[in-house]
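Structure first, then comments.
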Amino acid sequence: MTSSTAKKTVSSYQLGSTLSILYIAIRISTANLSPITDCDEVFNYWEPLHFILFGSGMQTWEYAPQYALRTYVYLLPMAGLAKCLQFLLKFLPTSSRQQLFNLLLLQSSTTTTQEILPLDDDDKPLLFAMLRSSLTLLSCYSELSFLSSIHDTISPTLAHWTAFCSFTTAGNFHASPALLPSSTVMILWRLSAANQLRGWDGYAI
């Protein structure tokens, strides 16, 4: 009886399950199809991140020294991740970078390898795609944690309906790869809610 109950409580959304792998694969493969619809994301986050990484980028008045309304602290974790990805990319042969580029940006495999320039130039689109995919991966982790908690503590049926609504909503499609504080809050809220549902209040806080 105990073993049968244990089997019933195993969540379909646990990391490593077939459903979770499929979920993550679809989310990441479509991450870079999502257009950036918010000008704030471009000019208040991606441009300053470009400035941190490459020493150039457009500056909005909020970042101007005379106003200093925005801080670069929010971008530092992303800058650290970008530096790690840049380091790894240096060791990849051109053909592998081309394949990765085609995979993440869903380009045709007939693209010639000559279209990829040295890392400081044309690999910026690849780095950008990898960063957006990383954000989507983090969002997927929080989403699956939330769904798994609902499955285990409330109802598998409710978890499936929540997954269906979450997967098909346009909001999640746009928010998952977005470099915005609102997307960060979404990720943290899901993780917090997942821990609260399991009664792990210390982690929820």
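Chain labels follow the order of the structure tokens: the first chain is A, the next B, and so on; residue numbering restarts at 1 in every chain, and ligands are counted from 1 in their shown order.
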**Report entry** Non-local contacts of Val73 (chain A) (12 Å; only C-alpha atoms; under 3 positions in same chain excluded) as a ChimeraX atom specification
**Finding:** /A:45,48-49,52,63,70,76-80,181
Could you dump the residues just selected with N, CA and C atoms as a PDB file, in the first residue's frame?
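Okay, this is what ended up in result_23.pdb:
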```pdb
ATOM      1  N   TYR A  45      18.418  47.310 -20.365  1.00  0.00           N
ATOM      2  CA  TYR A  45      19.038  46.077 -19.896  1.00  0.00           C
ATOM      3  C   TYR A  45      20.032  45.477 -20.896  1.00  0.00           C
ATOM      4  N   PRO A  48      22.939  48.286 -21.684  1.00  0.00           N
ATOM      5  CA  PRO A  48      23.916  48.388 -20.584  1.00  0.00           C
ATOM      6  C   PRO A  48      24.734  47.115 -20.404  1.00  0.00           C
ATOM      7  N   LEU A  49      24.107  45.943 -20.646  1.00  0.00           N
ATOM      8  CA  LEU A  49      24.862  44.687 -20.559  1.00  0.00           C
ATOM      9  C   LEU A  49      25.936  44.651 -21.647  1.00  0.00           C
ATOM     10  N   ILE A  52      28.792  46.711 -20.437  1.00  0.00           N
ATOM     11  CA  ILE A  52      29.613  46.004 -19.443  1.00  0.00           C
ATOM     12  C   ILE A  52      30.544  45.003 -20.124  1.00  0.00           C
ATOM     13  N   TYR A  63      20.555  55.883 -16.514  1.00  0.00           N
ATOM     14  CA  TYR A  63      21.902  55.418 -16.174  1.00  0.00           C
ATOM     15  C   TYR A  63      22.925  56.552 -16.177  1.00  0.00           C
ATOM     16  N   ARG A  70      19.247  54.218 -12.103  1.00  0.00           N
ATOM     17  CA  ARG A  70      19.338  52.761 -12.240  1.00  0.00           C
ATOM     18  C   ARG A  70      20.729  52.275 -11.854  1.00  0.00           C
ATOM     19  N   LEU A  76      24.741  42.318 -13.250  1.00  0.00           N
ATOM     20  CA  LEU A  76      26.017  41.654 -12.966  1.00  0.00           C
ATOM     21  C   LEU A  76      25.956  40.121 -13.063  1.00  0.00           C
ATOM     22  N   PRO A  77      24.910  39.451 -12.539  1.00  0.00           N
ATOM     23  CA  PRO A  77      24.854  37.987 -12.716  1.00  0.00           C
ATOM     24  C   PRO A  77      24.814  37.591 -14.192  1.00  0.00           C
ATOM     25  N   MET A  78      24.073  38.366 -14.983  1.00  0.00           N
ATOM     26  CA  MET A  78      23.976  38.069 -16.421  1.00  0.00           C
ATOM     27  C   MET A  78      25.324  38.319 -17.093  1.00  0.00           C
ATOM     28  N   ALA A  79      26.022  39.358 -16.661  1.00  0.00           N
ATOM     29  CA  ALA A  79      27.341  39.649 -17.221  1.00  0.00           C
ATOM     30  C   ALA A  79      28.317  38.514 -16.891  1.00  0.00           C
ATOM     31  N   GLY A  80      28.221  37.979 -15.662  1.00  0.00           N
ATOM     32  CA  GLY A  80      29.070  36.846 -15.275  1.00  0.00           C
ATOM     33  C   GLY A  80      28.789  35.622 -16.120  1.00  0.00           C
ATOM     34  N   PRO A 181      13.176  42.860 -14.932  1.00  0.00           N
ATOM     35  CA  PRO A 181      12.900  42.565 -13.519  1.00  0.00           C
ATOM     36  C   PRO A 181      11.567  41.832 -13.330  1.00  0.00           C
TER      37      PRO A 181
END
```
Requested in this report: Using CA of Leu100 (chain A) and CA of Gln86 (chain A) as the two end points, give the distance in Å to one decimal.
Outcome: 13.5 Å
Report task. Please provide the set of residues having any atom within 12 Å of Asn32 (chain A), restricted to only C-alpha atoms, with same-chain residues fewer than 4 positions apart removed, written as a PyMOL selection string. Result -> chain A and resi 26-28+36+101-107+125-136+173-178
Writer output for current selection, C-alpha atoms, as a short mmCIF file (atom, residue, chain, number, x, y, z; two decimals), in the first residue's frame:
```
data_model
loop_
_atom_site.label_atom_id
_atom_site.label_comp_id
_atom_site.auth_asym_id
_atom_site.auth_seq_id
_atom_site.Cartn_x
_atom_site.Cartn_y
_atom_site.Cartn_z
CA ILE A 26 10.25 23.09 -26.71
CA ARG A 27 10.64 26.19 -24.52
CA ILE A 28 14.33 26.66 -25.40
CA ILE A 36 11.49 41.79 -27.84
CA PHE A 101 23.78 29.15 -34.00
CA ASN A 102 21.45 27.23 -36.34
CA LEU A 103 19.93 25.31 -33.43
CA LEU A 104 19.22 28.27 -31.15
CA LEU A 105 18.12 30.69 -33.85
CA LEU A 106 16.40 27.99 -35.95
CA GLN A 107 18.42 28.92 -39.03
CA PRO A 125 24.09 37.17 -32.03
CA LEU A 126 25.07 33.67 -30.87
CA LEU A 127 25.97 34.96 -27.40
CA PHE A 128 22.68 36.89 -27.29
CA ALA A 129 20.74 33.74 -28.25
CA MET A 130 22.58 31.71 -25.61
CA LEU A 131 21.79 34.28 -22.93
CA ARG A 132 18.10 34.31 -23.86
CA SER A 133 18.08 30.50 -23.87
CA SER A 134 19.71 30.50 -20.42
CA LEU A 135 16.98 32.80 -19.11
CA THR A 136 14.39 30.45 -20.59
CA PHE A 173 6.23 32.81 -24.39
CA HIS A 174 7.35 36.45 -24.18
CA ALA A 175 8.33 36.56 -20.50
CA SER A 176 10.52 33.43 -20.35
CA PRO A 177 13.50 34.75 -22.40
CA ALA A 178 13.06 38.40 -21.32
#
```
Query raised in the report: Can you list, as a PyMOL selection string, every protein, DNA or RNA residue that comes within 12 Å of Gln14 (chain A) when you count only C-alpha atoms, leaving out same-chain residues fewer than 6 positions away?
Result: chain A and resi 20-24+140-152+159
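Going from CA of Phe91 (chain A) to CA of Leu137 (chain A) covers 22.7 Å.
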